[in-house]
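Chemist: Quick one, query.tsv (TSV, C-alpha atoms):
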```tsv
chain	number	residue	atom	x	y	z
M	1	MET	CA	9.39	1.67	9.85
M	2	ASN	CA	7.16	3.00	12.56
M	3	ASN	CA	5.53	6.10	11.08
M	4	TRP	CA	2.29	4.45	10.00
M	5	ARG	CA	-0.39	6.53	8.28
M	6	LYS	CA	-3.70	5.74	6.70
M	7	SER	CA	-3.34	5.33	2.97
M	8	SER	CA	-5.19	7.78	0.77
M	9	TYR	CA	-6.34	4.71	-1.19
M	10	SER	CA	-8.35	3.37	1.77
M	11	GLY	CA	-12.12	3.33	1.83
M	12	PRO	CA	-14.42	5.52	3.90
M	13	ASP	CA	-13.53	6.48	7.45
M	14	ASP	CA	-15.94	3.91	8.87
M	15	GLY	CA	-13.03	1.66	9.82
M	16	ASN	CA	-13.98	-1.21	7.54
M	17	GLU	CA	-11.44	-0.79	4.74
M	18	CYS	CA	-8.42	0.94	6.24
M	19	VAL	CA	-4.92	0.24	4.98
M	20	GLU	CA	-1.95	1.85	6.66
M	21	ILE	CA	1.43	2.40	5.06
M	22	ALA	CA	4.87	3.24	6.36
M	23	THR	CA	7.76	4.25	4.15
M	24	SER	CA	11.53	4.26	4.33
M	25	PRO	CA	13.98	5.40	1.67
M	26	THR	CA	14.03	1.88	0.18
M	27	HIS	CA	10.79	0.12	1.20
M	28	VAL	CA	7.04	0.52	1.68
M	29	ALA	CA	5.19	-1.51	4.32
M	30	VAL	CA	1.44	-2.15	4.27
M	31	ARG	CA	-0.84	-3.43	7.05
M	32	ASP	CA	-4.51	-3.70	7.96
M	33	SER	CA	-5.34	-0.99	10.49
M	34	LYS	CA	-7.90	-3.24	12.19
M	35	THR	CA	-5.19	-5.78	13.07
M	36	PRO	CA	-1.87	-3.88	13.21
M	37	ALA	CA	-0.10	-6.58	15.23
M	38	ARG	CA	-0.67	-9.15	12.49
M	39	ALA	CA	1.33	-9.62	9.31
M	40	THR	CA	2.87	-6.65	7.54
M	41	LEU	CA	3.71	-6.78	3.85
M	42	THR	CA	6.95	-5.03	2.90
M	43	PHE	CA	7.88	-4.19	-0.68
M	44	PRO	CA	10.89	-2.56	-2.33
M	45	ARG	CA	9.85	1.01	-3.16
M	46	ALA	CA	10.18	0.48	-6.94
M	47	ALA	CA	7.94	-2.62	-6.86
M	48	PHE	CA	5.26	-0.79	-4.85
M	49	THR	CA	5.36	2.13	-7.27
M	50	ARG	CA	4.89	-0.27	-10.22
M	51	PHE	CA	1.99	-1.92	-8.36
M	52	LEU	CA	0.21	1.42	-7.86
M	53	THR	CA	0.83	2.42	-11.46
M	54	THR	CA	-0.64	-0.86	-12.67
M	55	MET	CA	-3.70	-0.48	-10.44
M	56	LYS	CA	-4.38	2.96	-11.94
M	57	GLU	CA	-4.29	1.66	-15.54
M	58	PRO	CA	-7.58	0.99	-17.33
M	59	LYS	CA	-8.70	-2.62	-17.02
M	60	GLY	CA	-7.12	-4.79	-19.68
M	61	SER	CA	-4.09	-2.54	-20.24
M	62	PRO	CA	-0.72	-4.30	-20.31
M	63	PRO	CA	1.43	-3.73	-17.22
M	64	PRO	CA	4.24	-1.12	-17.42
M	65	ARG	CA	7.76	-2.42	-17.91
```
Will you turn the file into structure tokens for me?

Modeler:
Amino acid sequence: MNNWRKSSYSGPDDGNECVEIATSPTHVAVRDSKTPARATLTFPRAAFTRFLTTMKEPKGSPPPR
């Protein structure tokens, strides 16, 4: 995965809250744009999709199954 792009979920363009993502057919990788050489988190695509869905739910809602 080497096609990194700034996530649309990142904060303002001031460089303080930038998350970059890269996708493949089976996985999504996430890294901090300020320190791209440091650790990268890689998730199976289905798990990342569930994570985003959960984050969009109103606070206190049960997670999707």

Chemist: Near segment 36-38 of chain M, counting all atoms listed in the file, which residues have an atom at most 10 Å away, once you skip same-chain residues fewer than 5 positions from it, shown as a PDB file with C-alpha atoms, in the frame of the given file?

Modeler:
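Generated output (out.pdb):
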```pdb
ATOM      1  CA  TRP M   4       2.290   4.450  10.000  1.00  0.00           C
ATOM      2  CA  VAL M  19      -4.920   0.240   4.980  1.00  0.00           C
ATOM      3  CA  GLU M  20      -1.950   1.850   6.660  1.00  0.00           C
ATOM      4  CA  VAL M  30       1.440  -2.150   4.270  1.00  0.00           C
ATOM      5  CA  ARG M  31      -0.840  -3.430   7.050  1.00  0.00           C
TER       6      ARG M  31
END
```

Chemist: Would you compute the distance between atom CA of Pro58 of chain M and atom CA of Thr40 of chain M? Give it in Å to one decimal.

Modeler: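 The value is 28.0 Å.
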
Chemist: Between atom CA of Ser24 of chain M and atom CA of Lys56 of chain M, what distance in Å does the model show, to one decimal?

Modeler: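 Between atom CA of Ser24 of chain M and atom CA of Lys56 of chain M the gap works out to 22.8 Å.
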
Chemist: One decimal, in Å: what's the spacing between atom CA of Met55 of chain M and atom CA of Ala39 of chain M?

Modeler: 22.3 Å

Chemist: Pick out the closest residue to Ser33 of chain M from this set: M:Cys18, M:Asn3, M:Thr54, M:Thr49. Count only C-alpha atoms.

Modeler: M:Cys18

Chemist: Can you tell me, as a PyMOL selection string, what residues are no more than 8 Å from Pro44 of chain M when counting only C-alpha atoms, ignoring any on the same chain fewer than 6 positions away?

Modeler: chain M and resi 26-28

Chemist: Within 7 Å of (3.0, 7.7, 4.6), all atoms listed in the file: residues as a short mmCIF file (atom, residue, chain, number, x, y, z; two decimals) with C-alpha atoms, in the frame of the given file?

Modeler:
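Result file out_9.cif:
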```cif
data_model
loop_
_atom_site.label_atom_id
_atom_site.label_comp_id
_atom_site.auth_asym_id
_atom_site.auth_seq_id
_atom_site.Cartn_x
_atom_site.Cartn_y
_atom_site.Cartn_z
CA TRP M 4 2.29 4.45 10.00
CA ARG M 5 -0.39 6.53 8.28
CA SER M 7 -3.34 5.33 2.97
CA ILE M 21 1.43 2.40 5.06
CA ALA M 22 4.87 3.24 6.36
CA THR M 23 7.76 4.25 4.15
#
```

Chemist: Taking all listed atoms of segment 45-56 of chain M, build the axis-aligned box, pad each of the six sides by 4 Å, then write its centre and edge lengths in Å to one decimal as JSON.

Modeler:
```
{"center_x": 2.9, "center_y": 0.2, "center_z": -7.9, "size_x": 22.6, "size_y": 13.6, "size_z": 17.5}
```
